[in-house]
$ cat my_file_26.csv   # CSV, C-alpha atoms
chain,number,residue,atom,x,y,z
A,288,MET,CA,19.2,-18.9,11.4
A,289,ALA,CA,21.6,-16.9,13.7
A,290,ALA,CA,24.3,-16.8,11.0
A,291,ALA,CA,21.8,-15.6,8.4
A,292,LEU,CA,20.4,-12.9,10.6
A,293,GLU,CA,23.9,-11.7,11.5
A,294,LEU,CA,24.9,-11.4,7.8
A,295,TYR,CA,21.6,-9.8,6.7
A,296,ASP,CA,22.2,-7.2,9.5
A,297,GLU,CA,25.9,-6.6,8.7
A,298,ARG,CA,25.8,-6.6,4.9
A,299,GLY,CA,22.2,-6.3,3.9
A,300,PHE,CA,19.7,-8.9,2.9
A,301,GLU,CA,20.2,-8.5,-0.8
A,302,GLN,CA,24.0,-8.7,-0.5
A,303,THR,CA,24.0,-12.0,1.4
A,304,THR,CA,24.1,-15.3,-0.5
A,305,VAL,CA,23.2,-18.7,0.8
A,306,ALA,CA,26.9,-19.6,0.3
A,307,ASP,CA,27.8,-16.8,2.7
A,308,ILE,CA,25.3,-18.1,5.3
A,309,ALA,CA,26.4,-21.7,5.0
A,310,GLU,CA,30.0,-20.7,5.4
A,311,ARG,CA,29.3,-18.5,8.5
A,312,ALA,CA,27.3,-21.4,10.0
A,313,GLY,CA,29.9,-24.0,9.2
A,314,VAL,CA,27.5,-26.1,7.2
A,315,THR,CA,27.0,-26.9,3.5
A,316,GLU,CA,24.5,-25.1,1.3
A,317,ARG,CA,22.7,-28.4,1.0
A,318,THR,CA,22.2,-28.3,4.7
A,319,PHE,CA,20.8,-24.8,4.5
A,320,PHE,CA,18.2,-25.9,2.0
A,321,ARG,CA,17.1,-28.8,4.1
A,322,HIS,CA,15.9,-26.2,6.6
A,323,PHE,CA,14.8,-23.3,4.4
A,324,GLY,CA,13.4,-23.0,0.9
A,325,ASP,CA,15.2,-19.7,0.3
A,326,LYS,CA,16.9,-16.7,2.1
A,327,ARG,CA,13.5,-15.1,2.9
A,328,GLU,CA,12.2,-18.1,4.8
A,329,VAL,CA,14.9,-17.6,7.5
A,330,LEU,CA,13.1,-14.4,8.5
A,331,PHE,CA,9.5,-15.6,8.3
A,332,ASP,CA,7.8,-18.0,10.6
A,333,ARG,CA,7.5,-20.7,7.9
A,334,ASP,CA,5.5,-23.1,10.0
A,335,GLY,CA,2.9,-20.5,10.9
A,336,GLY,CA,3.7,-20.9,14.6
A,337,LEU,CA,2.6,-17.4,15.5
A,338,GLN,CA,-0.7,-17.7,13.7
A,339,THR,CA,-1.3,-21.2,15.3
A,340,ALA,CA,-0.7,-19.8,18.7
A,341,PHE,CA,-3.3,-17.0,18.2
A,342,VAL,CA,-5.9,-19.3,16.6
A,343,GLU,CA,-5.6,-22.2,19.1
A,344,ALA,CA,-5.9,-19.9,22.1
A,345,LEU,CA,-9.0,-18.3,20.5
A,346,ALA,CA,-10.5,-21.7,19.9
A,347,ALA,CA,-9.7,-22.7,23.5
A,348,ALA,CA,-11.7,-19.9,25.0
A,349,PRO,CA,-15.0,-20.9,26.5
A,350,ALA,CA,-17.7,-21.0,23.9
A,351,ASP,CA,-19.9,-18.6,25.9
A,352,ALA,CA,-17.1,-16.0,26.4
A,353,ASP,CA,-17.7,-12.8,24.5
A,354,ALA,CA,-15.3,-12.0,21.6
A,355,TRP,CA,-13.2,-9.5,23.5
A,356,THR,CA,-12.7,-11.9,26.5
A,357,ALA,CA,-11.8,-14.6,24.0
A,358,LEU,CA,-9.3,-12.4,22.1
A,359,ALA,CA,-7.2,-11.4,25.1
A,360,PRO,CA,-5.7,-14.9,25.7
A,361,ALA,CA,-5.2,-15.2,21.9
A,362,LEU,CA,-3.1,-12.0,22.0
A,363,ASP,CA,-1.3,-13.3,25.1
A,364,ALA,CA,-0.5,-16.6,23.2
A,365,GLY,CA,0.8,-14.7,20.2
A,366,CYS,CA,3.0,-12.5,22.5
A,367,ASP,CA,4.3,-15.6,24.4
A,368,PHE,CA,5.3,-17.2,21.1
A,369,LEU,CA,7.8,-14.4,20.6
A,370,ALA,CA,8.6,-13.7,24.2
A,371,ASP,CA,12.1,-15.2,24.5
A,372,ARG,CA,13.3,-13.9,21.1
A,373,ARG,CA,13.6,-10.2,21.7
A,374,ASP,CA,17.2,-9.8,20.5
A,375,HIS,CA,16.3,-11.9,17.5
A,376,ALA,CA,13.2,-9.8,16.9
A,377,ARG,CA,15.1,-6.6,17.0
A,378,ARG,CA,17.8,-7.7,14.6
A,379,ARG,CA,15.2,-9.2,12.3
A,380,GLN,CA,13.2,-6.0,12.3
A,381,ARG,CA,16.2,-3.9,11.3
A,382,VAL,CA,16.7,-6.2,8.3
A,383,ILE,CA,13.1,-5.9,7.3
A,384,ASP,CA,13.0,-2.2,7.7
A,385,ALA,CA,16.0,-1.9,5.4
A,386,THR,CA,14.5,-4.1,2.7
A,387,PRO,CA,11.2,-3.1,1.0
A,388,GLY,CA,10.4,-6.5,-0.4
A,389,LEU,CA,10.5,-8.0,3.1
A,390,GLN,CA,8.1,-5.4,4.5
A,391,GLU,CA,5.5,-6.5,2.0
A,392,ARG,CA,6.0,-10.1,3.0
A,393,GLU,CA,5.5,-9.1,6.7
A,394,LEU,CA,2.3,-7.3,5.8
A,395,LEU,CA,1.0,-10.3,3.9
A,396,LYS,CA,1.7,-12.5,7.0
A,397,LEU,CA,-0.2,-10.2,9.2
A,398,ALA,CA,-3.1,-10.0,6.7
A,399,ALA,CA,-3.2,-13.8,6.8
A,400,LEU,CA,-3.3,-13.8,10.6
A,401,THR,CA,-6.2,-11.3,10.5
A,402,ALA,CA,-8.1,-13.6,8.1
A,403,ALA,CA,-7.5,-16.6,10.4
A,404,LEU,CA,-8.8,-14.7,13.5
A,405,THR,CA,-11.8,-13.4,11.5
A,406,ALA,CA,-12.7,-17.0,10.6
A,407,GLY,CA,-12.3,-18.0,14.3
A,408,LEU,CA,-14.6,-15.3,15.4
A,409,ARG,CA,-17.1,-16.1,12.7
A,410,GLY,CA,-17.1,-19.6,14.2
A,411,ARG,CA,-18.0,-18.1,17.5
A,412,GLY,CA,-21.1,-16.6,15.9
A,413,LEU,CA,-20.0,-13.1,15.2
A,414,SER,CA,-21.2,-11.3,12.0
A,415,GLU,CA,-18.8,-10.8,9.2
A,416,LEU,CA,-18.4,-7.2,10.0
A,417,ALA,CA,-18.0,-7.6,13.8
A,418,ALA,CA,-15.5,-10.5,13.3
A,419,GLY,CA,-13.5,-8.5,10.8
A,420,VAL,CA,-13.2,-5.3,12.8
A,421,ALA,CA,-12.4,-7.2,16.0
A,422,ALA,CA,-9.7,-9.3,14.3
A,423,GLU,CA,-8.2,-6.2,12.6
A,424,ALA,CA,-8.1,-4.3,15.9
A,425,VAL,CA,-6.4,-7.2,17.8
A,426,VAL,CA,-3.8,-7.7,15.1
A,427,GLY,CA,-3.3,-4.0,15.0
A,428,ALA,CA,-2.8,-4.0,18.8
A,429,PHE,CA,-0.3,-6.8,18.3
A,430,ARG,CA,1.6,-4.9,15.7
A,431,VAL,CA,1.8,-1.8,17.8
A,432,ALA,CA,2.8,-3.7,20.9
A,433,PHE,CA,5.5,-5.6,19.0
A,434,THR,CA,7.0,-2.3,17.6
A,435,ARG,CA,7.0,-0.9,21.1
A,436,TRP,CA,8.5,-4.1,22.6
A,437,ILE,CA,11.5,-4.1,20.3
A,438,ASP,CA,12.3,-0.4,21.0
A,439,PRO,CA,15.5,-0.3,23.0
A,440,ALA,CA,13.8,2.1,25.5
A,441,GLU,CA,11.1,-0.5,26.4
A,442,ASP,CA,11.7,-2.9,29.3
A,443,ARG,CA,8.3,-4.5,29.8
A,444,ASP,CA,7.8,-8.0,28.3
A,445,LEU,CA,5.6,-8.4,25.2
A,446,ARG,CA,2.6,-9.8,26.9
A,447,THR,CA,2.5,-6.8,29.2
A,448,VAL,CA,2.8,-4.4,26.4
A,449,GLY,CA,0.1,-6.3,24.4
A,450,ARG,CA,-2.3,-6.1,27.3
A,451,ALA,CA,-1.5,-2.4,27.7
A,452,ALA,CA,-2.3,-2.0,24.0
A,453,LEU,CA,-5.7,-3.7,24.4
A,454,ALA,CA,-6.4,-1.5,27.4
A,455,GLU,CA,-5.6,1.6,25.4
A,456,LEU,CA,-7.9,0.5,22.6
A,457,ARG,CA,-10.7,0.0,25.1
A,458,ALA,CA,-10.1,3.4,26.6
A,459,VAL,CA,-10.1,5.1,23.2
A,460,VAL,CA,-13.2,3.3,22.0
A,461,SER,CA,-15.3,3.6,25.2
B,221,MET,CA,-7.8,4.7,-16.4
B,222,ALA,CA,-11.1,3.1,-17.5
B,223,ALA,CA,-9.3,1.5,-20.5
B,224,ALA,CA,-6.5,0.1,-18.3
B,225,LEU,CA,-8.9,-1.3,-15.7
B,226,GLU,CA,-11.0,-3.0,-18.4
B,227,LEU,CA,-7.9,-4.6,-19.9
B,228,TYR,CA,-6.5,-5.7,-16.5
B,229,ASP,CA,-9.8,-7.3,-15.7
B,230,GLU,CA,-10.2,-9.0,-19.1
B,231,ARG,CA,-6.6,-10.2,-19.7
B,232,GLY,CA,-4.9,-9.9,-16.4
B,233,PHE,CA,-2.6,-7.2,-15.1
B,234,GLU,CA,0.7,-8.9,-16.1
B,235,GLN,CA,-0.6,-9.6,-19.6
B,236,THR,CA,-1.6,-6.0,-20.4
B,237,THR,CA,1.0,-3.6,-21.9
B,238,VAL,CA,0.9,0.2,-21.9
B,239,ALA,CA,0.6,-0.1,-25.7
B,240,ASP,CA,-2.6,-2.1,-25.2
B,241,ILE,CA,-4.0,0.5,-22.8
B,242,ALA,CA,-3.1,3.4,-25.1
B,243,GLU,CA,-4.7,1.7,-28.1
B,244,ARG,CA,-7.9,0.9,-26.1
B,245,ALA,CA,-8.1,4.5,-24.9
B,246,GLY,CA,-7.3,6.0,-28.4
B,247,VAL,CA,-4.2,7.9,-27.1
B,248,THR,CA,-0.5,7.5,-27.6
B,249,GLU,CA,1.8,5.8,-25.1
B,250,ARG,CA,3.3,9.2,-24.5
B,251,THR,CA,0.0,10.5,-23.3
B,252,PHE,CA,-0.4,7.5,-20.9
B,253,PHE,CA,3.0,8.4,-19.4
B,254,ARG,CA,2.0,12.0,-18.9
B,255,HIS,CA,-0.6,10.7,-16.5
B,256,PHE,CA,0.9,7.6,-14.9
B,257,GLY,CA,4.5,6.6,-14.2
B,258,ASP,CA,3.7,2.9,-14.9
B,259,LYS,CA,0.9,0.3,-15.1
B,260,ARG,CA,0.6,0.0,-11.4
B,261,GLU,CA,-0.1,3.7,-10.8
B,262,VAL,CA,-3.4,3.4,-12.6
B,263,LEU,CA,-4.6,1.3,-9.7
B,264,PHE,CA,-3.2,3.2,-6.8
B,265,ASP,CA,-4.3,6.6,-5.7
B,266,ARG,CA,-1.0,8.2,-6.6
B,267,ASP,CA,-1.8,11.6,-5.2
B,268,GLY,CA,-2.6,10.2,-1.8
B,269,GLY,CA,-6.2,11.6,-2.0
B,270,LEU,CA,-7.6,8.9,0.3
B,271,GLN,CA,-5.0,9.5,3.0
B,272,THR,CA,-5.4,13.3,2.7
B,273,ALA,CA,-9.1,12.9,3.2
B,274,PHE,CA,-8.6,10.9,6.4
B,275,VAL,CA,-5.9,13.1,7.8
B,276,GLU,CA,-7.5,16.5,7.0
B,277,ALA,CA,-10.8,15.4,8.6
B,278,LEU,CA,-9.0,14.3,11.7
B,279,ALA,CA,-7.1,17.6,11.9
B,280,ALA,CA,-10.4,19.5,11.4
B,281,ALA,CA,-12.0,17.8,14.5
B,282,PRO,CA,-12.3,20.1,17.5
B,283,ALA,CA,-9.0,20.0,19.5
B,284,ASP,CA,-10.9,19.0,22.7
B,285,ALA,CA,-12.8,16.1,21.0
B,286,ASP,CA,-11.7,12.7,22.3
B,287,ALA,CA,-9.9,10.5,19.8
B,288,TRP,CA,-12.9,8.3,19.0
B,289,THR,CA,-15.1,11.3,18.3
B,290,ALA,CA,-12.4,12.8,16.1
B,291,LEU,CA,-11.8,9.5,14.2
B,292,ALA,CA,-15.4,9.0,13.1
B,293,PRO,CA,-15.5,12.0,10.7
B,294,ALA,CA,-12.0,10.9,9.4
B,295,LEU,CA,-13.5,7.5,8.5
B,296,ASP,CA,-16.5,9.3,6.9
B,297,ALA,CA,-14.2,11.4,4.8
B,298,GLY,CA,-12.2,8.4,3.7
B,299,CYS,CA,-15.4,6.6,2.7
B,300,ASP,CA,-16.8,9.7,0.9
B,301,PHE,CA,-13.6,9.9,-1.1
B,302,LEU,CA,-14.5,6.5,-2.7
B,303,ALA,CA,-18.3,6.8,-2.6
B,304,ASP,CA,-19.0,7.4,-6.2
B,305,ARG,CA,-16.6,4.8,-7.5
B,306,ARG,CA,-18.2,1.6,-6.5
B,307,ASP,CA,-18.0,-0.1,-9.9
B,308,HIS,CA,-14.5,1.1,-10.3
B,309,ALA,CA,-13.6,-0.3,-6.9
B,310,ARG,CA,-15.1,-3.7,-7.6
B,311,ARG,CA,-13.2,-4.1,-10.9
B,312,ARG,CA,-10.0,-2.8,-9.3
B,313,GLN,CA,-10.3,-5.3,-6.4
B,314,ARG,CA,-10.8,-8.2,-8.8
B,315,VAL,CA,-7.5,-7.2,-10.5
B,316,ILE,CA,-5.7,-6.8,-7.2
B,317,ASP,CA,-7.0,-10.1,-5.8
B,318,ALA,CA,-5.7,-11.8,-9.0
B,319,THR,CA,-2.2,-10.3,-8.8
B,320,PRO,CA,-0.1,-11.0,-5.6
B,321,GLY,CA,2.4,-8.1,-6.3
B,322,LEU,CA,-0.5,-5.7,-6.3
B,323,GLN,CA,-1.9,-7.0,-2.9
B,324,GLU,CA,1.5,-6.1,-1.4
B,325,ARG,CA,1.3,-2.6,-2.7
B,326,GLU,CA,-2.3,-2.2,-1.4
B,327,LEU,CA,-1.1,-3.3,2.1
B,328,LEU,CA,1.8,-0.8,2.0
B,329,LYS,CA,-0.7,1.9,1.2
B,330,LEU,CA,-2.9,1.0,4.1
B,331,ALA,CA,0.2,0.8,6.4
B,332,ALA,CA,1.1,4.4,5.3
B,333,LEU,CA,-2.4,5.5,6.1
B,334,THR,CA,-2.2,4.0,9.5
B,335,ALA,CA,1.1,5.7,10.1
B,336,ALA,CA,-0.3,9.1,9.1
B,337,LEU,CA,-3.3,8.7,11.4
B,338,THR,CA,-1.1,7.6,14.2
B,339,ALA,CA,0.9,10.9,13.7
B,340,GLY,CA,-2.3,12.9,13.7
B,341,LEU,CA,-3.5,11.3,16.9
B,342,ARG,CA,-0.1,11.8,18.6
B,343,GLY,CA,-0.5,15.5,17.6
B,344,ARG,CA,-3.8,15.4,19.6
B,345,GLY,CA,-1.9,14.3,22.7
B,346,LEU,CA,-2.4,10.6,22.6
B,347,SER,CA,0.4,8.3,23.8
B,348,GLU,CA,2.3,6.3,21.1
B,349,LEU,CA,0.5,3.1,22.1
B,350,ALA,CA,-3.0,4.7,22.3
B,351,ALA,CA,-2.5,6.5,19.0
B,352,GLY,CA,-1.1,3.4,17.3
B,353,VAL,CA,-3.9,1.0,18.4
B,354,ALA,CA,-6.6,3.6,17.6
B,355,ALA,CA,-5.2,4.2,14.1
B,356,GLU,CA,-4.9,0.5,13.4
B,357,ALA,CA,-8.5,-0.1,14.5
B,358,VAL,CA,-9.9,2.6,12.4
B,359,VAL,CA,-8.0,1.6,9.3
B,360,GLY,CA,-9.0,-2.0,10.0
B,361,ALA,CA,-12.6,-0.9,10.2
B,362,PHE,CA,-12.2,0.9,6.9
B,363,ARG,CA,-10.7,-2.2,5.2
B,364,VAL,CA,-13.5,-4.4,6.5
B,365,ALA,CA,-16.2,-1.9,5.5
B,366,PHE,CA,-14.6,-1.5,2.0
B,367,THR,CA,-14.6,-5.2,1.5
B,368,ARG,CA,-18.2,-5.4,2.5
B,369,TRP,CA,-19.2,-2.5,0.4
B,370,ILE,CA,-17.8,-4.0,-2.9
B,371,ASP,CA,-19.7,-7.2,-2.2
B,372,PRO,CA,-22.4,-7.6,-4.9
B,373,ALA,CA,-24.9,-8.4,-2.1
B,374,GLU,CA,-24.3,-5.1,-0.2
B,375,ASP,CA,-26.6,-2.2,-1.0
B,376,ARG,CA,-25.7,0.3,1.7
B,377,ASP,CA,-23.3,3.1,0.8
B,378,LEU,CA,-19.7,3.0,2.1
B,379,ARG,CA,-20.1,5.7,4.8
B,380,THR,CA,-23.1,3.7,6.2
B,381,VAL,CA,-21.1,0.5,6.2
B,382,GLY,CA,-18.1,2.3,7.7
B,383,ARG,CA,-20.2,3.7,10.6
B,384,ALA,CA,-21.6,0.2,11.1
B,385,ALA,CA,-18.1,-1.2,11.3
B,386,LEU,CA,-17.2,1.3,14.0
B,387,ALA,CA,-20.3,0.5,15.9
B,388,GLU,CA,-19.5,-3.2,15.8
B,389,LEU,CA,-16.0,-2.5,17.1
B,390,ARG,CA,-17.4,-0.5,19.9
B,391,ALA,CA,-19.8,-3.3,20.7
B,392,VAL,CA,-17.1,-5.9,20.7
B,393,VAL,CA,-14.7,-3.9,22.8
B,394,SER,CA,-17.1,-2.6,25.4
$ encode --input "my_file_26.csv" --output "structure tokens"
Amino acid sequence: MAAALELYDERGFEQTTVADIAERAGVTERTFFRHFGDKREVLFDRDGGLQTAFVEALAAAPADADAWTALAPALDAGCDFLADRRDHARRRQRVIDATPGLQERELLKLAALTAALTAGLRGRGLSELAAGVAAEAVVGAFRVAFTRWIDPAEDRDLRTVGRAALAELRAVVS
Amino acid sequence: MAAALELYDERGFEQTTVADIAERAGVTERTFFRHFGDKREVLFDRDGGLQTAFVEALAAAPADADAWTALAPALDAGCDFLADRRDHARRRQRVIDATPGLQERELLKLAALTAALTAGLRGRGLSELAAGVAAEAVVGAFRVAFTRWIDPAEDRDLRTVGRAALAELRAVVS
């Protein structure tokens, strides 16, 4: 994964082959394909770990907690999932920003996360409309916090920025 | 546009050619290409009218209005832009839902709208974080309201559903 990211960042995603990655990592192409279906999978959380972190934390919130109270630890859990990968996240984002086809994949992943959170909130008794807007707002806060977190000028950890994003949303809405 | 949508819906987007569309509409292919760069452009607001409606309404809000007060008429304007095209919107969505490459394009359009609203809110003095989360939340509310509006079981107009979405967001957050 590190070898692939280095090469995508140095040469561009399109210009990097699986053979290049295997060579840089000192493994065979066969070994690469035991771990990843293709070049794109290196960049995208193929096991859905981020989404699972969000959804499980939402499910773990007390059944009588209101939606906003239940969503805060879900956002925390999503942030914690990425917490120790800041350099990786920065490099990965440079590659995605430089490659339109990857931006689309990223947006599809976030749309899937929004749908999963909407389902979780529906399960807590929210209406379709309320669950949808709350899930959109929290995934939006996550996206904005993530973008801020990988900015070289930002020192705070992701969970702190995520919480600040929720606080800003509450301040704007109230 | 009507001929293209009919064909995309009947046969599938990938299976429809520009020649088919021109034939159905009773024009030449040359005429099609005077209006649209390619098959996809028929489905996507190529002049950015939706985004312009949002952004201009936000800019027209009193300078001393708080962000939430300024965003409500922006959402109204976005809703009004689509108001008289409900049947078109339903058919178009069926085509997009059936064609993964089109879903990505749709998400990119909404991401561009979010970025434009973020810039508008920055211009009203909001911090990067506050502007970002507010724009994400309002575009999220728009997306959820739109999905609800094109549901065959929904009778309310889009502006009414959009306002209801904002009210739900406020209720969840507060």
$ residues_around --input "my_file_26.csv" --residues "Arg376 of chain B" --least-positions-apart "5" --cutoff "12 Å" --atoms "all atoms listed in the file" --output "compact mmCIF listing (two decimals) with C-alpha atoms, keeping the file's coordinate frame"
# COMPACT_ATOMS: atom_id res chain seq x y z
CA ALA B 303 -18.30 6.80 -2.60
CA ARG B 306 -18.20 1.60 -6.50
CA ALA B 365 -16.20 -1.90 5.50
CA PHE B 366 -14.60 -1.50 2.00
CA ARG B 368 -18.20 -5.40 2.50
CA TRP B 369 -19.20 -2.50 0.40
CA ILE B 370 -17.80 -4.00 -2.90
CA ASP B 371 -19.70 -7.20 -2.20
CA VAL B 381 -21.10 0.50 6.20
CA GLY B 382 -18.10 2.30 7.70
CA ARG B 383 -20.20 3.70 10.60
CA ALA B 384 -21.60 0.20 11.10
$ closest_atom_pairs --input "my_file_26.csv" --of "chain B" --to "chain A" --cutoff "10 Å" --atoms "only C-alpha atoms" --output "Markdown table"
| residue | atom | partner | partner_atom | distance |
| --- | --- | --- | --- | --- |
| B:Asp286 | CA | A:Val459 | CA | 7.8 |
| B:Ala287 | CA | A:Val459 | CA | 6.4 |
| B:Trp288 | CA | A:Val460 | CA | 5.8 |
| B:Thr289 | CA | A:Val460 | CA | 9.0 |
| B:Pro320 | CA | A:Leu395 | CA | 9.6 |
| B:Gly321 | CA | A:Glu391 | CA | 9.0 |
| B:Gln323 | CA | A:Leu395 | CA | 8.1 |
| B:Glu324 | CA | A:Glu391 | CA | 5.3 |
| B:Arg325 | CA | A:Glu391 | CA | 7.4 |
| B:Glu326 | CA | A:Glu391 | CA | 9.5 |
| B:Leu327 | CA | A:Leu394 | CA | 6.4 |
| B:Leu328 | CA | A:Glu391 | CA | 6.8 |
| B:Leu330 | CA | A:Leu394 | CA | 9.9 |
| B:Ala331 | CA | A:Leu394 | CA | 8.4 |
| B:Thr334 | CA | A:Gly427 | CA | 9.8 |
| B:Leu346 | CA | A:Val459 | CA | 9.5 |
| B:Ser347 | CA | A:Glu455 | CA | 9.1 |
| B:Glu348 | CA | A:Arg435 | CA | 8.6 |
| B:Leu349 | CA | A:Ala452 | CA | 6.1 |
| B:Ala350 | CA | A:Glu455 | CA | 5.1 |
| B:Ala351 | CA | A:Glu455 | CA | 8.6 |
| B:Gly352 | CA | A:Val431 | CA | 6.0 |
| B:Val353 | CA | A:Ala428 | CA | 5.1 |
| B:Ala354 | CA | A:Leu456 | CA | 6.0 |
| B:Ala355 | CA | A:Gly427 | CA | 8.5 |
| B:Glu356 | CA | A:Gly427 | CA | 5.0 |
| B:Ala357 | CA | A:Ala424 | CA | 4.4 |
| B:Val358 | CA | A:Ala424 | CA | 7.9 |
| B:Val359 | CA | A:Glu423 | CA | 8.5 |
| B:Gly360 | CA | A:Glu423 | CA | 5.0 |
| B:Ala361 | CA | A:Val420 | CA | 5.1 |
| B:Phe362 | CA | A:Val420 | CA | 8.6 |
| B:Arg363 | CA | A:Val420 | CA | 8.6 |
| B:Val364 | CA | A:Gly419 | CA | 5.9 |
| B:Ala365 | CA | A:Leu416 | CA | 7.3 |
| B:Thr367 | CA | A:Leu416 | CA | 9.5 |
| B:Arg368 | CA | A:Leu416 | CA | 7.7 |
| B:Val381 | CA | A:Leu416 | CA | 9.0 |
| B:Gly382 | CA | A:Leu416 | CA | 9.8 |
| B:Ala384 | CA | A:Leu416 | CA | 8.1 |
| B:Ala385 | CA | A:Leu416 | CA | 6.1 |
| B:Leu386 | CA | A:Val420 | CA | 7.8 |
| B:Ala387 | CA | A:Ala417 | CA | 8.7 |
| B:Glu388 | CA | A:Ala417 | CA | 5.1 |
| B:Leu389 | CA | A:Val420 | CA | 5.8 |
| B:Arg390 | CA | A:Val460 | CA | 6.0 |
| B:Ala391 | CA | A:Ala417 | CA | 8.3 |
| B:Val392 | CA | A:Trp355 | CA | 6.0 |
| B:Val393 | CA | A:Trp355 | CA | 5.8 |
| B:Ser394 | CA | A:Ser461 | CA | 6.5 |
$ atom_distance --input "my_file_26.csv" --atom1 "atom CA of Ala281 of chain B" --atom2 "atom CA of Gly269 of chain B"
18.6 Å
$ closest_residue --input "my_file_26.csv" --among "B:Ile316, B:Phe301, B:Asp284, B:Glu234" --to "Arg379 of chain B" --atoms "only C-alpha atoms"
B:Phe301
$ atom_distance --input "my_file_26.csv" --atom1 "atom CA of Ala347 of chain A" --atom2 "atom CA of Ala361 of chain A"
8.9 Å
$ atom_distance --input "my_file_26.csv" --atom1 "atom CA of Asp384 of chain A" --atom2 "atom CA of Arg260 of chain B"
22.9 Å
$ build_atoms --input "my_file_26.csv" --residues "segment 424-440 of chain A" --atoms "N, CA and C atoms" --output "PDB file, in the frame of the given file"
ATOM      1  N   ALA A 424      -8.548  -5.124  14.778  1.00  0.00           N
ATOM      2  CA  ALA A 424      -8.100  -4.300  15.900  1.00  0.00           C
ATOM      3  C   ALA A 424      -7.109  -5.092  16.785  1.00  0.00           C
ATOM      4  N   VAL A 425      -7.314  -6.395  16.951  1.00  0.00           N
ATOM      5  CA  VAL A 425      -6.400  -7.200  17.800  1.00  0.00           C
ATOM      6  C   VAL A 425      -5.042  -7.364  17.089  1.00  0.00           C
ATOM      7  N   VAL A 426      -5.060  -7.623  15.794  1.00  0.00           N
ATOM      8  CA  VAL A 426      -3.800  -7.700  15.100  1.00  0.00           C
ATOM      9  C   VAL A 426      -3.093  -6.375  15.042  1.00  0.00           C
ATOM     10  N   GLY A 427      -3.863  -5.317  14.929  1.00  0.00           N
ATOM     11  CA  GLY A 427      -3.300  -4.000  15.000  1.00  0.00           C
ATOM     12  C   GLY A 427      -2.651  -3.716  16.359  1.00  0.00           C
ATOM     13  N   ALA A 428      -3.325  -4.135  17.430  1.00  0.00           N
ATOM     14  CA  ALA A 428      -2.800  -4.000  18.800  1.00  0.00           C
ATOM     15  C   ALA A 428      -1.474  -4.789  18.901  1.00  0.00           C
ATOM     16  N   PHE A 429      -1.469  -5.981  18.326  1.00  0.00           N
ATOM     17  CA  PHE A 429      -0.300  -6.800  18.300  1.00  0.00           C
ATOM     18  C   PHE A 429       0.890  -6.129  17.626  1.00  0.00           C
ATOM     19  N   ARG A 430       0.594  -5.572  16.477  1.00  0.00           N
ATOM     20  CA  ARG A 430       1.600  -4.900  15.700  1.00  0.00           C
ATOM     21  C   ARG A 430       2.241  -3.731  16.459  1.00  0.00           C
ATOM     22  N   VAL A 431       1.349  -2.936  17.038  1.00  0.00           N
ATOM     23  CA  VAL A 431       1.800  -1.800  17.800  1.00  0.00           C
ATOM     24  C   VAL A 431       2.603  -2.188  19.023  1.00  0.00           C
ATOM     25  N   ALA A 432       2.110  -3.213  19.715  1.00  0.00           N
ATOM     26  CA  ALA A 432       2.800  -3.700  20.900  1.00  0.00           C
ATOM     27  C   ALA A 432       4.181  -4.258  20.543  1.00  0.00           C
ATOM     28  N   PHE A 433       4.222  -4.996  19.445  1.00  0.00           N
ATOM     29  CA  PHE A 433       5.500  -5.600  19.000  1.00  0.00           C
ATOM     30  C   PHE A 433       6.512  -4.478  18.703  1.00  0.00           C
ATOM     31  N   THR A 434       6.063  -3.450  17.990  1.00  0.00           N
ATOM     32  CA  THR A 434       7.000  -2.300  17.600  1.00  0.00           C
ATOM     33  C   THR A 434       7.484  -1.655  18.902  1.00  0.00           C
ATOM     34  N   ARG A 435       6.595  -1.489  19.864  1.00  0.00           N
ATOM     35  CA  ARG A 435       7.000  -0.900  21.100  1.00  0.00           C
ATOM     36  C   ARG A 435       8.008  -1.795  21.870  1.00  0.00           C
ATOM     37  N   TRP A 436       7.719  -3.087  21.881  1.00  0.00           N
ATOM     38  CA  TRP A 436       8.500  -4.100  22.600  1.00  0.00           C
ATOM     39  C   TRP A 436       9.969  -4.124  22.132  1.00  0.00           C
ATOM     40  N   ILE A 437      10.160  -3.979  20.823  1.00  0.00           N
ATOM     41  CA  ILE A 437      11.500  -4.100  20.300  1.00  0.00           C
ATOM     42  C   ILE A 437      12.258  -2.724  20.376  1.00  0.00           C
ATOM     43  N   ASP A 438      11.587  -1.697  20.840  1.00  0.00           N
ATOM     44  CA  ASP A 438      12.300  -0.400  21.000  1.00  0.00           C
ATOM     45  C   ASP A 438      13.269  -0.576  22.188  1.00  0.00           C
ATOM     46  N   PRO A 439      14.492  -0.109  21.982  1.00  0.00           N
ATOM     47  CA  PRO A 439      15.500  -0.300  23.000  1.00  0.00           C
ATOM     48  C   PRO A 439      15.106   0.374  24.363  1.00  0.00           C
ATOM     49  N   ALA A 440      14.217   1.361  24.301  1.00  0.00           N
ATOM     50  CA  ALA A 440      13.800   2.100  25.500  1.00  0.00           C
ATOM     51  C   ALA A 440      12.713   1.314  26.294  1.00  0.00           C
TER      52      ALA A 440
END
